[in-house]
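Below is the file my_file28.cif, which contains mmCIF, C-alpha atoms and all ligand atoms; chains and numbers go by the auth columns.
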data_input
#
loop_
_atom_site.group_PDB
_atom_site.id
_atom_site.type_symbol
_atom_site.label_atom_id
_atom_site.label_comp_id
_atom_site.label_asym_id
_atom_site.label_seq_id
_atom_site.Cartn_x
_atom_site.Cartn_y
_atom_site.Cartn_z
_atom_site.B_iso_or_equiv
_atom_site.auth_seq_id
_atom_site.auth_asym_id
ATOM 1 C CA MET A 1 37.464 -0.865 -16.513 0.00 719 A
ATOM 2 C CA THR A 2 37.762 1.337 -19.609 0.00 720 A
ATOM 3 C CA GLU A 3 39.446 -0.035 -22.699 0.00 721 A
ATOM 4 C CA SER A 4 42.538 1.903 -23.835 0.00 722 A
ATOM 5 C CA HIS A 5 42.947 2.463 -27.578 0.00 723 A
ATOM 6 C CA THR A 6 46.500 3.571 -28.222 0.00 724 A
ATOM 7 C CA GLU A 7 47.379 4.666 -31.765 0.00 725 A
ATOM 8 C CA PRO A 8 49.970 2.379 -33.402 0.00 726 A
ATOM 9 C CA THR A 9 53.363 4.068 -33.720 0.00 727 A
ATOM 10 C CA LEU A 10 54.184 2.213 -36.931 0.00 728 A
ATOM 11 C CA THR A 11 53.082 3.742 -40.238 0.00 729 A
ATOM 12 C CA LEU A 12 53.557 2.140 -43.637 0.00 730 A
ATOM 13 C CA HIS A 13 53.818 4.598 -46.516 0.00 731 A
ATOM 14 C CA HIS A 14 52.278 2.519 -49.257 0.00 732 A
ATOM 15 C CA LEU A 15 52.473 3.144 -53.003 0.00 733 A
ATOM 16 C CA ASN A 16 50.046 1.343 -55.312 0.00 734 A
ATOM 17 C CA ASP A 17 51.525 -1.511 -57.380 0.00 735 A
ATOM 18 C CA SER A 18 54.783 -1.494 -55.499 0.00 736 A
ATOM 19 C CA ARG A 19 57.137 -3.321 -53.185 0.00 737 A
ATOM 20 C CA SER A 20 55.271 -1.943 -50.173 0.00 738 A
ATOM 21 C CA GLN A 21 52.743 -4.748 -50.792 0.00 739 A
ATOM 22 C CA ARG A 22 55.275 -7.189 -49.332 0.00 740 A
ATOM 23 C CA ILE A 23 55.403 -5.116 -46.130 0.00 741 A
ATOM 24 C CA LEU A 24 51.616 -5.097 -45.899 0.00 742 A
ATOM 25 C CA TRP A 25 51.626 -8.892 -46.214 0.00 743 A
ATOM 26 C CA LEU A 26 54.244 -9.155 -43.434 0.00 744 A
ATOM 27 C CA LEU A 27 52.305 -6.809 -41.125 0.00 745 A
ATOM 28 C CA GLU A 28 49.115 -8.801 -41.652 0.00 746 A
ATOM 29 C CA GLU A 29 50.868 -12.154 -41.075 0.00 747 A
ATOM 30 C CA LEU A 30 52.369 -10.913 -37.834 0.00 748 A
ATOM 31 C CA GLY A 31 49.144 -9.231 -36.706 0.00 749 A
ATOM 32 C CA ILE A 32 50.931 -5.993 -35.858 0.00 750 A
ATOM 33 C CA PRO A 33 48.867 -2.823 -35.341 0.00 751 A
ATOM 34 C CA TYR A 34 49.870 -0.219 -37.946 0.00 752 A
ATOM 35 C CA ASN A 35 48.670 2.836 -39.814 0.00 753 A
ATOM 36 C CA ILE A 36 48.713 2.942 -43.578 0.00 754 A
ATOM 37 C CA LYS A 37 49.208 6.076 -45.646 0.00 755 A
ATOM 38 C CA SER A 38 48.516 5.529 -49.318 0.00 756 A
ATOM 39 C CA TYR A 39 50.141 7.228 -52.315 0.00 757 A
ATOM 40 C CA GLN A 40 49.229 6.876 -55.979 0.00 758 A
ATOM 41 C CA ARG A 41 51.637 6.744 -58.890 0.00 759 A
ATOM 42 C CA GLY A 42 51.162 9.471 -61.507 0.00 760 A
ATOM 43 C CA PRO A 43 50.217 8.699 -65.128 0.00 761 A
ATOM 44 C CA ASP A 44 53.972 8.372 -65.842 0.00 762 A
ATOM 45 C CA GLY A 45 54.250 5.612 -63.194 0.00 763 A
ATOM 46 C CA ILE A 46 56.426 7.800 -60.949 0.00 764 A
ATOM 47 C CA ALA A 47 55.746 8.100 -57.209 0.00 765 A
ATOM 48 C CA PRO A 48 54.247 11.446 -56.086 0.00 766 A
ATOM 49 C CA GLN A 49 56.486 14.122 -54.528 0.00 767 A
ATOM 50 C CA GLU A 50 54.825 13.677 -51.094 0.00 768 A
ATOM 51 C CA LEU A 51 56.736 10.419 -50.669 0.00 769 A
ATOM 52 C CA ALA A 52 60.046 12.325 -50.942 0.00 770 A
ATOM 53 C CA GLN A 53 58.911 14.465 -48.023 0.00 771 A
ATOM 54 C CA ILE A 54 58.928 11.311 -45.858 0.00 772 A
ATOM 55 C CA HIS A 55 62.329 10.039 -47.079 0.00 773 A
ATOM 56 C CA PRO A 56 64.683 11.638 -49.650 0.00 774 A
ATOM 57 C CA PHE A 57 64.607 8.519 -51.897 0.00 775 A
ATOM 58 C CA GLY A 58 60.920 9.150 -52.606 0.00 776 A
ATOM 59 C CA THR A 59 60.345 5.449 -53.285 0.00 777 A
ATOM 60 C CA ALA A 60 58.196 2.817 -51.592 0.00 778 A
ATOM 61 C CA PRO A 61 58.178 1.234 -49.141 0.00 779 A
ATOM 62 C CA ILE A 62 58.982 3.609 -46.312 0.00 780 A
ATOM 63 C CA ILE A 63 58.003 3.131 -42.689 0.00 781 A
ATOM 64 C CA THR A 64 57.976 5.585 -39.837 0.00 782 A
ATOM 65 C CA ASP A 65 57.977 4.309 -36.269 0.00 783 A
ATOM 66 C CA GLY A 66 58.245 6.970 -33.582 0.00 784 A
ATOM 67 C CA GLU A 67 61.483 8.804 -34.313 0.00 785 A
ATOM 68 C CA ILE A 68 62.565 6.305 -36.963 0.00 786 A
ATOM 69 C CA THR A 69 62.145 6.697 -40.715 0.00 787 A
ATOM 70 C CA LEU A 70 63.314 3.708 -42.726 0.00 788 A
ATOM 71 C CA ALA A 71 63.436 3.034 -46.474 0.00 789 A
ATOM 72 C CA GLU A 72 64.603 -0.109 -48.352 0.00 790 A
ATOM 73 C CA SER A 73 62.282 -3.067 -48.101 0.00 791 A
ATOM 74 C CA GLY A 74 64.919 -5.581 -46.935 0.00 792 A
ATOM 75 C CA ALA A 75 65.820 -3.342 -44.001 0.00 793 A
ATOM 76 C CA ILE A 76 62.143 -2.749 -43.245 0.00 794 A
ATOM 77 C CA VAL A 77 61.308 -6.480 -43.270 0.00 795 A
ATOM 78 C CA GLU A 78 64.185 -7.264 -40.903 0.00 796 A
ATOM 79 C CA TYR A 79 63.370 -4.305 -38.630 0.00 797 A
ATOM 80 C CA ILE A 80 59.712 -5.318 -38.283 0.00 798 A
ATOM 81 C CA ILE A 81 60.444 -9.011 -37.641 0.00 799 A
ATOM 82 C CA ASP A 82 63.148 -8.114 -35.141 0.00 800 A
ATOM 83 C CA LYS A 83 61.118 -5.515 -33.246 0.00 801 A
ATOM 84 C CA TYR A 84 57.564 -6.851 -33.534 0.00 802 A
ATOM 85 C CA GLY A 85 57.874 -10.493 -34.612 0.00 803 A
ATOM 86 C CA ALA A 86 57.577 -11.948 -31.102 0.00 804 A
ATOM 87 C CA GLY A 87 59.341 -15.091 -32.284 0.00 805 A
ATOM 88 C CA LYS A 88 57.342 -15.453 -35.537 0.00 806 A
ATOM 89 C CA ALA A 89 58.799 -15.511 -39.071 0.00 807 A
ATOM 90 C CA GLN A 90 61.962 -17.255 -37.842 0.00 808 A
ATOM 91 C CA PRO A 91 63.631 -19.871 -40.057 0.00 809 A
ATOM 92 C CA PRO A 92 64.444 -23.300 -38.649 0.00 810 A
ATOM 93 C CA GLU A 93 68.145 -23.827 -37.828 0.00 811 A
ATOM 94 C CA SER A 94 68.547 -25.830 -41.064 0.00 812 A
ATOM 95 C CA GLY A 95 67.122 -22.954 -43.144 0.00 813 A
ATOM 96 C CA LYS A 96 69.073 -20.031 -41.708 0.00 814 A
ATOM 97 C CA LEU A 97 71.539 -19.822 -44.586 0.00 815 A
ATOM 98 C CA ASP A 98 68.778 -20.039 -47.216 0.00 816 A
ATOM 99 C CA ASN A 99 66.884 -17.351 -45.342 0.00 817 A
ATOM 100 C CA LEU A 100 69.927 -15.086 -45.333 0.00 818 A
ATOM 101 C CA PHE A 101 70.613 -15.716 -49.001 0.00 819 A
ATOM 102 C CA TYR A 102 67.077 -15.246 -50.379 0.00 820 A
ATOM 103 C CA THR A 103 66.401 -12.224 -48.155 0.00 821 A
ATOM 104 C CA HIS A 104 69.292 -10.389 -49.875 0.00 822 A
ATOM 105 C CA TYR A 105 69.226 -11.997 -53.321 0.00 823 A
ATOM 106 C CA SER A 106 65.763 -10.629 -54.110 0.00 824 A
ATOM 107 C CA GLU A 107 66.708 -6.930 -54.209 0.00 825 A
ATOM 108 C CA GLY A 108 70.450 -7.456 -54.721 0.00 826 A
ATOM 109 C CA THR A 109 70.380 -9.483 -57.943 0.00 827 A
ATOM 110 C CA LEU A 110 66.930 -10.562 -59.071 0.00 828 A
ATOM 111 C CA MET A 111 65.043 -7.264 -59.002 0.00 829 A
ATOM 112 C CA PRO A 112 67.767 -5.342 -60.920 0.00 830 A
ATOM 113 C CA LEU A 113 67.546 -7.973 -63.703 0.00 831 A
ATOM 114 C CA LEU A 114 63.738 -7.752 -63.827 0.00 832 A
ATOM 115 C CA VAL A 115 63.791 -3.950 -63.767 0.00 833 A
ATOM 116 C CA ASN A 116 66.334 -3.923 -66.629 0.00 834 A
ATOM 117 C CA LYS A 117 64.086 -6.272 -68.580 0.00 835 A
ATOM 118 C CA LEU A 118 61.143 -3.934 -68.040 0.00 836 A
ATOM 119 C CA ILE A 119 63.116 -0.807 -68.996 0.00 837 A
ATOM 120 C CA PHE A 120 64.546 -2.425 -72.129 0.00 838 A
ATOM 121 C CA SER A 121 61.029 -3.545 -73.112 0.00 839 A
ATOM 122 C CA ILE A 122 59.375 -0.151 -72.777 0.00 840 A
ATOM 123 C CA ALA A 123 62.240 2.247 -73.654 0.00 841 A
ATOM 124 C CA PRO A 124 61.647 2.245 -77.463 0.00 842 A
ATOM 125 C CA SER A 125 57.993 3.240 -77.062 0.00 843 A
ATOM 126 C CA LYS A 126 59.040 6.298 -75.013 0.00 844 A
ATOM 127 C CA ALA A 127 61.342 7.651 -77.761 0.00 845 A
ATOM 128 C CA PRO A 128 60.360 9.905 -80.721 0.00 846 A
ATOM 129 C CA PHE A 129 58.560 7.686 -83.244 0.00 847 A
ATOM 130 C CA PHE A 130 61.191 7.997 -85.987 0.00 848 A
ATOM 131 C CA ILE A 131 63.930 6.324 -83.921 0.00 849 A
ATOM 132 C CA ARG A 132 61.695 3.642 -82.396 0.00 850 A
ATOM 133 C CA PRO A 133 62.480 0.941 -85.016 0.00 851 A
ATOM 134 C CA LEU A 134 66.220 1.408 -84.414 0.00 852 A
ATOM 135 C CA LEU A 135 65.804 1.370 -80.621 0.00 853 A
ATOM 136 C CA ARG A 136 63.652 -1.760 -80.829 0.00 854 A
ATOM 137 C CA VAL A 137 66.534 -3.543 -82.537 0.00 855 A
ATOM 138 C CA VAL A 138 69.119 -2.280 -80.004 0.00 856 A
ATOM 139 C CA PHE A 139 67.049 -2.933 -76.867 0.00 857 A
ATOM 140 C CA GLY A 140 65.784 -6.222 -78.295 0.00 858 A
ATOM 141 C CA ALA A 141 69.385 -7.388 -78.762 0.00 859 A
ATOM 142 C CA LEU A 142 70.267 -6.269 -75.216 0.00 860 A
ATOM 143 C CA GLN A 143 67.397 -8.345 -73.862 0.00 861 A
ATOM 144 C CA THR A 144 68.224 -11.397 -75.940 0.00 862 A
ATOM 145 C CA LYS A 145 71.975 -11.305 -75.289 0.00 863 A
ATOM 146 C CA LEU A 146 72.226 -9.870 -71.786 0.00 864 A
ATOM 147 C CA ILE A 147 69.027 -10.250 -69.785 0.00 865 A
ATOM 148 C CA ASP A 148 67.125 -13.310 -71.040 0.00 866 A
ATOM 149 C CA PRO A 149 69.985 -15.829 -70.640 0.00 867 A
ATOM 150 C CA ARG A 150 70.552 -14.581 -67.083 0.00 868 A
ATOM 151 C CA LEU A 151 66.865 -14.751 -66.221 0.00 869 A
ATOM 152 C CA ALA A 152 66.858 -18.351 -67.492 0.00 870 A
ATOM 153 C CA ILE A 153 69.712 -19.186 -65.082 0.00 871 A
ATOM 154 C CA HIS A 154 67.879 -17.554 -62.169 0.00 872 A
ATOM 155 C CA SER A 155 64.568 -19.194 -63.035 0.00 873 A
ATOM 156 C CA LYS A 156 66.243 -22.612 -62.979 0.00 874 A
ATOM 157 C CA TYR A 157 68.044 -21.845 -59.713 0.00 875 A
ATOM 158 C CA ILE A 158 64.826 -20.814 -57.943 0.00 876 A
ATOM 159 C CA GLU A 159 62.859 -23.713 -59.407 0.00 877 A
ATOM 160 C CA THR A 160 65.496 -26.195 -58.201 0.00 878 A
ATOM 161 C CA HIS A 161 65.318 -24.727 -54.704 0.00 879 A
ATOM 162 C CA LEU A 162 61.522 -24.857 -54.609 0.00 880 A
ATOM 163 C CA SER A 163 61.519 -28.431 -55.911 0.00 881 A
ATOM 164 C CA LYS A 164 63.009 -29.767 -52.670 0.00 882 A
ATOM 165 C CA GLY A 165 59.495 -30.286 -51.336 0.00 883 A
ATOM 166 C CA GLN A 166 59.402 -27.314 -49.004 0.00 884 A
ATOM 167 C CA GLU A 167 56.630 -24.740 -48.830 0.00 885 A
ATOM 168 C CA TRP A 168 58.744 -21.687 -47.977 0.00 886 A
ATOM 169 C CA PHE A 169 62.189 -20.504 -49.012 0.00 887 A
ATOM 170 C CA ALA A 170 63.818 -21.284 -45.660 0.00 888 A
ATOM 171 C CA GLY A 171 62.072 -24.637 -45.378 0.00 889 A
ATOM 172 C CA GLY A 172 60.003 -24.008 -42.243 0.00 890 A
ATOM 173 C CA SER A 173 56.259 -24.111 -41.695 0.00 891 A
ATOM 174 C CA GLU A 174 55.685 -20.347 -42.046 0.00 892 A
ATOM 175 C CA PRO A 175 56.974 -17.553 -44.288 0.00 893 A
ATOM 176 C CA THR A 176 60.191 -15.822 -43.202 0.00 894 A
ATOM 177 C CA SER A 177 62.003 -12.689 -44.371 0.00 895 A
ATOM 178 C CA ALA A 178 63.154 -14.621 -47.465 0.00 896 A
ATOM 179 C CA ASP A 179 59.514 -15.095 -48.523 0.00 897 A
ATOM 180 C CA TYR A 180 58.476 -11.495 -47.880 0.00 898 A
ATOM 181 C CA MET A 181 61.407 -10.425 -50.039 0.00 899 A
ATOM 182 C CA MET A 182 61.035 -13.043 -52.811 0.00 900 A
ATOM 183 C CA SER A 183 57.252 -12.713 -53.086 0.00 901 A
ATOM 184 C CA PHE A 184 57.259 -9.343 -54.862 0.00 902 A
ATOM 185 C CA ALA A 185 60.003 -10.286 -57.333 0.00 903 A
ATOM 186 C CA LEU A 186 58.311 -13.571 -58.237 0.00 904 A
ATOM 187 C CA GLU A 187 54.776 -12.235 -58.533 0.00 905 A
ATOM 188 C CA ALA A 188 56.026 -9.372 -60.732 0.00 906 A
ATOM 189 C CA TRP A 189 57.989 -11.861 -62.844 0.00 907 A
ATOM 190 C CA ALA A 190 55.044 -14.290 -63.063 0.00 908 A
ATOM 191 C CA ASN A 191 52.763 -11.512 -64.261 0.00 909 A
ATOM 192 C CA GLY A 192 55.190 -9.911 -66.714 0.00 910 A
ATOM 193 C CA TYR A 193 57.188 -12.775 -68.228 0.00 911 A
ATOM 194 C CA PRO A 194 55.728 -16.081 -67.016 0.00 912 A
ATOM 195 C CA ALA A 195 57.006 -18.238 -69.901 0.00 913 A
ATOM 196 C CA VAL A 196 60.443 -18.846 -68.407 0.00 914 A
ATOM 197 C CA LEU A 197 59.241 -19.543 -64.839 0.00 915 A
ATOM 198 C CA GLY A 198 59.048 -23.132 -63.604 0.00 916 A
ATOM 199 C CA GLY A 199 55.923 -24.895 -62.311 0.00 917 A
ATOM 200 C CA LYS A 200 57.038 -25.042 -58.665 0.00 918 A
ATOM 201 C CA THR A 201 57.778 -21.327 -58.735 0.00 919 A
ATOM 202 C CA LYS A 202 54.312 -20.555 -60.096 0.00 920 A
ATOM 203 C CA GLU A 203 52.797 -22.804 -57.409 0.00 921 A
ATOM 204 C CA TYR A 204 54.796 -20.885 -54.807 0.00 922 A
ATOM 205 C CA VAL A 205 53.372 -17.535 -55.975 0.00 923 A
ATOM 206 C CA LYS A 206 49.849 -18.980 -55.832 0.00 924 A
ATOM 207 C CA ARG A 207 50.584 -20.337 -52.313 0.00 925 A
ATOM 208 C CA VAL A 208 51.532 -16.815 -51.187 0.00 926 A
ATOM 209 C CA HIS A 209 48.377 -15.381 -52.767 0.00 927 A
ATOM 210 C CA ALA A 210 46.189 -17.978 -51.006 0.00 928 A
ATOM 211 C CA ARG A 211 47.300 -16.893 -47.503 0.00 929 A
ATOM 212 C CA PRO A 212 44.467 -15.212 -45.553 0.00 930 A
ATOM 213 C CA ALA A 213 46.944 -12.556 -44.402 0.00 931 A
ATOM 214 C CA TYR A 214 47.923 -11.846 -48.028 0.00 932 A
ATOM 215 C CA LYS A 215 44.245 -11.362 -48.909 0.00 933 A
ATOM 216 C CA ARG A 216 43.768 -9.001 -45.970 0.00 934 A
ATOM 217 C CA ALA A 217 46.839 -7.072 -47.147 0.00 935 A
ATOM 218 C CA LEU A 218 45.240 -6.706 -50.575 0.00 936 A
ATOM 219 C CA GLU A 219 42.070 -5.306 -49.034 0.00 937 A
ATOM 220 C CA LYS A 220 44.084 -2.805 -47.004 0.00 938 A
ATOM 221 C CA GLY A 221 46.338 -1.748 -49.894 0.00 939 A
ATOM 222 C CA GLY A 222 43.751 -1.495 -52.674 0.00 940 A
ATOM 223 C CA GLU A 223 44.253 -2.290 -56.345 0.00 941 A
ATOM 224 C CA TYR A 224 47.422 -4.340 -56.955 0.00 942 A
ATOM 225 C CA SER A 225 48.282 -5.607 -60.422 0.00 943 A
ATOM 226 C CA TYR A 226 50.541 -8.510 -59.449 0.00 944 A
ATOM 227 C CA ALA A 227 48.099 -10.507 -57.327 0.00 945 A
ATOM 228 C CA LYS A 228 46.425 -12.076 -60.351 0.00 946 A
ATOM 229 C CA ASP A 229 47.062 -15.784 -60.764 0.00 947 A
ATOM 230 C CA ASN A 230 46.482 -15.900 -64.528 0.00 948 A
ATOM 231 C CA PHE A 231 49.837 -17.426 -65.404 0.00 949 A
HETATM 232 N N1 LIG B . 65.385 -1.537 -53.352 0.00 1001 A
HETATM 233 C C1 LIG B . 64.318 -0.648 -52.960 0.00 1001 A
HETATM 234 C C2 LIG B . 63.567 -0.227 -54.231 0.00 1001 A
HETATM 235 C C3 LIG B . 62.501 0.816 -53.969 0.00 1001 A
HETATM 236 C C4 LIG B . 61.749 1.159 -55.251 0.00 1001 A
HETATM 237 O O1 LIG B . 62.329 1.368 -56.332 0.00 1001 A
HETATM 238 N N2 LIG B . 60.413 1.257 -55.143 0.00 1001 A
HETATM 239 C C5 LIG B . 59.566 1.528 -56.291 0.00 1001 A
HETATM 240 C C6 LIG B . 58.243 0.792 -56.139 0.00 1001 A
HETATM 241 S S1 LIG B . 58.319 -0.911 -56.398 0.00 1001 A
HETATM 242 C C7 LIG B . 59.163 2.985 -56.383 0.00 1001 A
HETATM 243 O O2 LIG B . 58.931 3.603 -55.372 0.00 1001 A
HETATM 244 N N3 LIG B . 59.019 3.483 -57.607 0.00 1001 A
HETATM 245 C C8 LIG B . 58.448 4.763 -57.873 0.00 1001 A
HETATM 246 C C9 LIG B . 59.436 5.758 -58.371 0.00 1001 A
HETATM 247 O O3 LIG B . 60.621 5.405 -58.535 0.00 1001 A
HETATM 248 O O4 LIG B . 59.039 6.896 -58.649 0.00 1001 A
HETATM 249 C C10 LIG B . 63.428 -1.368 -51.954 0.00 1001 A
HETATM 250 O O5 LIG B . 63.425 -2.600 -51.930 0.00 1001 A
HETATM 251 O O6 LIG B . 62.754 -0.704 -51.146 0.00 1001 A
#
Please go through the file and, once you have read it, give me the structure as structure tokens.
Amino acid sequence: MTESHTEPTLTLHHLNDSRSQRILWLLEELGIPYNIKSYQRGPDGIAPQELAQIHPFGTAPIITDGEITLAESGAIVEYIIDKYGAGKAQPPESGKLDNLFYTHYSEGTLMPLLVNKLIFSIAPSKAPFFIRPLLRVVFGALQTKLIDPRLAIHSKYIETHLSKGQEWFAGGSEPTSADYMMSFALEAWANGYPAVLGGKTKEYVKRVHARPAYKRALEKGGEYSYAKDNF
């Protein structure tokens, strides 16, 4: 009998140092056959134009699967688990609400705060040199008054949740959509601004990084700045 090698229909459009790393981790955990097409950010950090030819947003991740083209990592995570999960990555009954909450909270609230923090930190250095001192004062005040107090609230909230003695956000024995979504936000936070993160949260990020599937995802995706555990 001859072996049949059918090409996977699913392709992940992967940008270096980006949210598409969480999709790679998911695909490796689930053991789903997939193609990967890699894109590199330019020197300005912006995604290359080729990504906008796949989906008008031009951001990562994007997947294509037969006729389907899908952007937005939360939608992609849910689509893949639903279509290819074969019963894996499901929360226990007791963790369904947590799974729902953390799956949406990551991109809905946490990532916008972290992205604002990043923009406010780097904006002054992008301005003409003579207005940089003024901008440093303005953006510094915005961080201190607006962003940092909120990040402190969110850090405490996440730490309290992860202090209940459970390994994963939905409380089961394996990662679920909540973890695929929270992993990127927390590893980016741990690498950029670790001081305010709690011990259980840091342990959680290290737990994600220790998964064999996560390590395989790193090999497939190439250089990724947020996988370092030096926090
Ligand atoms: N909420 C979207 C955000 C997508 C997004 O902003 N992706 C970033 C990478 S982490 C990107 O492609 N940035 C490059 C650019 O904006 O040029 C998602 O979760 O997919």
Query - Result set of the PyMOL selection byres (((chain A and resi 838-840) around 8) and not hetatm) on the coordinates above, as number ranges by chain - result: A: 834-837, 841-844, 857-858, 860-861
Requested in this report: Name every residue that the PyMOL selection byres (((chain A and resi 911-918) around 9) and not hetatm) selects in this structure, writing the answer as a PyMOL selection string with chains first and numbers rising.
Outcome: chain A and resi 869-870+873-874+876-878+880-881+904+906-910+919-923+949
Requested in this report: Rank A:Leu744, A:Ala804, A:Ile798, A:Ile780 by their smallest atom-to-atom distance to ligand LIG 1001 (chain A), using only C-alpha atoms and all ligand atoms, and report the top residue only.
Outcome: A:Ile780
Report as CSV: every residue of chain A with an atom at most 9 Å from ligand LIG 1001 (chain A), its closest pair of atoms, and their distance in Å to one decimal, counting all atoms listed in the file, with rows sorted by chain and ascending residue number.
residue,atom,partner,partner_atom,distance
A:Leu733,CA,A:LIG1001,O2,6.9
A:Asn734,CA,A:LIG1001,C6,8.3
A:Asp735,CA,A:LIG1001,S1,6.9
A:Ser736,CA,A:LIG1001,S1,3.7
A:Arg737,CA,A:LIG1001,S1,4.2
A:Ser738,CA,A:LIG1001,S1,7.0
A:Gln739,CA,A:LIG1001,S1,8.8
A:Arg759,CA,A:LIG1001,C8,7.2
A:Gly760,CA,A:LIG1001,O4,8.8
A:Asp762,CA,A:LIG1001,O4,8.9
A:Gly763,CA,A:LIG1001,O4,6.7
A:Ile764,CA,A:LIG1001,O4,3.6
A:Ala765,CA,A:LIG1001,O4,3.8
A:Pro766,CA,A:LIG1001,O4,7.1
A:Gln767,CA,A:LIG1001,O4,8.7
A:Leu769,CA,A:LIG1001,O2,8.6
A:Phe775,CA,A:LIG1001,C3,8.3
A:Gly776,CA,A:LIG1001,O2,6.5
A:Thr777,CA,A:LIG1001,O2,3.1
A:Ala778,CA,A:LIG1001,O2,3.9
A:Pro779,CA,A:LIG1001,O6,5.4
A:Ile780,CA,A:LIG1001,O6,7.5
A:Ala789,CA,A:LIG1001,O6,6.0
A:Glu790,CA,A:LIG1001,O6,3.4
A:Ser791,CA,A:LIG1001,O6,3.9
A:Gly792,CA,A:LIG1001,O5,6.0
A:Ala793,CA,A:LIG1001,O6,8.2
A:Ile794,CA,A:LIG1001,O6,8.2
A:Ser824,CA,A:LIG1001,O5,8.6
A:Glu825,CA,A:LIG1001,N1,5.6
A:Gly826,CA,A:LIG1001,N1,7.9
A:Met829,CA,A:LIG1001,N1,8.1
A:Pro830,CA,A:LIG1001,N1,8.8
A:Met899,CA,A:LIG1001,O5,8.3
A:Phe902,CA,A:LIG1001,S1,8.6
**Report entry** All residues 8 Å or closer to Thr821 of chain A, all atoms listed in the file, same chain fewer than 3 positions away omitted, as a list in words
**Finding:**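 Using all atoms listed in the file, the neighbours found are Gly792, Asn817, Leu818, Ser824, Ser895, Ala896, Asp897, Tyr898, Met899 and Met900 of chain A.
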**Report entry** Selected residue of minimal separation from Gly749 of chain A among A:Leu828, A:Ile865, A:Ala770, A:Ile799, counting all atoms listed in the file
**Finding:**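 Counting all atoms listed in the file, the residue closest to Gly749 of chain A is A:Ile799.
Atom CA of Glu785 of chain A is positioned 28.3 Å from atom CA of Tyr932 of chain A.
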Requested in this report: Point out the residue among A:Gly890, A:Pro751, A:Pro846, A:Gly883 with the least atom-to-atom distance to Lys814 of chain A, counting all atoms listed in the file.
Outcome: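 Looking only at the distances to Lys814 of chain A, the closest residue turns out to be A:Gly890.
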Report task. Up to 9 Å from (48.9, 4.1, -44.7) in the file's coordinates: name the residues, counting all atoms listed in the file, as a list in words. Result ->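 Counting all atoms listed in the file, I find these residues within 9 Å of (48.9, 4.1, -44.7): Thr729, Leu730, His731, His732, Tyr752, Asn753, Ile754, Lys755, Ser756, Tyr757, Lys938 and Gly939 of chain A.
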For the residues in that selection, give me C-alpha atoms as a PDB file, keeping the file's coordinate frame.
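Dumped to result-v4.pdb:
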ATOM      1  CA  THR A 729      53.082   3.742 -40.238  1.00  0.00           C
ATOM      2  CA  LEU A 730      53.557   2.140 -43.637  1.00  0.00           C
ATOM      3  CA  HIS A 731      53.818   4.598 -46.516  1.00  0.00           C
ATOM      4  CA  HIS A 732      52.278   2.519 -49.257  1.00  0.00           C
ATOM      5  CA  TYR A 752      49.870  -0.219 -37.946  1.00  0.00           C
ATOM      6  CA  ASN A 753      48.670   2.836 -39.814  1.00  0.00           C
ATOM      7  CA  ILE A 754      48.713   2.942 -43.578  1.00  0.00           C
ATOM      8  CA  LYS A 755      49.208   6.076 -45.646  1.00  0.00           C
ATOM      9  CA  SER A 756      48.516   5.529 -49.318  1.00  0.00           C
ATOM     10  CA  TYR A 757      50.141   7.228 -52.315  1.00  0.00           C
ATOM     11  CA  LYS A 938      44.084  -2.805 -47.004  1.00  0.00           C
ATOM     12  CA  GLY A 939      46.338  -1.748 -49.894  1.00  0.00           C
TER      13      GLY A 939
END
Requested in this report: Select, from A:Val795, A:Ile786, A:Leu728, A:Val856, the residue with the minimum atom-to-atom distance to Arg740 of chain A, counting only C-alpha atoms.
Outcome: A:Val795
Requested in this report: Show me as a list in words the residues that reach within 6 Å of (51.9, -11.1, -57.8), counting all atoms listed in the file and using the file's own coordinates.
Outcome: Glu905, Ala906, Tyr944 and Ala945 of chain A
Keeping only C-alpha atoms, write the selected residues as a compact mmCIF listing (two decimals), in the frame of the given file.
# COMPACT_ATOMS: atom_id res chain seq x y z
CA GLU A 905 54.78 -12.24 -58.53
CA ALA A 906 56.03 -9.37 -60.73
CA TYR A 944 50.54 -8.51 -59.45
CA ALA A 945 48.10 -10.51 -57.33
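Of the listed residues (A:Pro930, A:Ile741, A:His872, A:Ile750), A:His872 comes nearest to Tyr823 of chain A; the distances count all atoms listed in the file.
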Query raised in the report: Interatomic distance between atom CA of Pro809 of chain A and atom CA of Pro893 of chain A?
Result: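 Taking atom CA of Pro809 of chain A as the start and atom CA of Pro893 of chain A as the end point, the length is 8.2 Å.
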Query raised in the report: Please, what distance in Å, to one decimal, runs between atom CA of Ser943 of chain A and atom CA of Ser901 of chain A?
Result: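 Calculated distance between atom CA of Ser943 of chain A and atom CA of Ser901 of chain A is 13.6 Å.
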Query raised in the report: Between A:Ala859, A:Ala903, A:Val833, A:Ala888, which one has atoms that come closest to Gly813 of chain A, using only C-alpha atoms?
Result: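 The closest residue to Gly813 of chain A is A:Ala888.
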Query raised in the report: So which residues touch Thr787 of chain A within 8 Å, counting all atoms listed in the file, skipping near sequence neighbours fewer than 4 positions away, as a ChimeraX atom specification?
Result: /A:772-773,780-783
Requested in this report: Name every residue that the PyMOL selection byres (((chain A and resi 931) around 8) and not hetatm) selects in this structure, writing the answer as a PyMOL selection string with chains first and numbers rising.
Outcome: chain A and resi 743+746-747+929-930+932-935
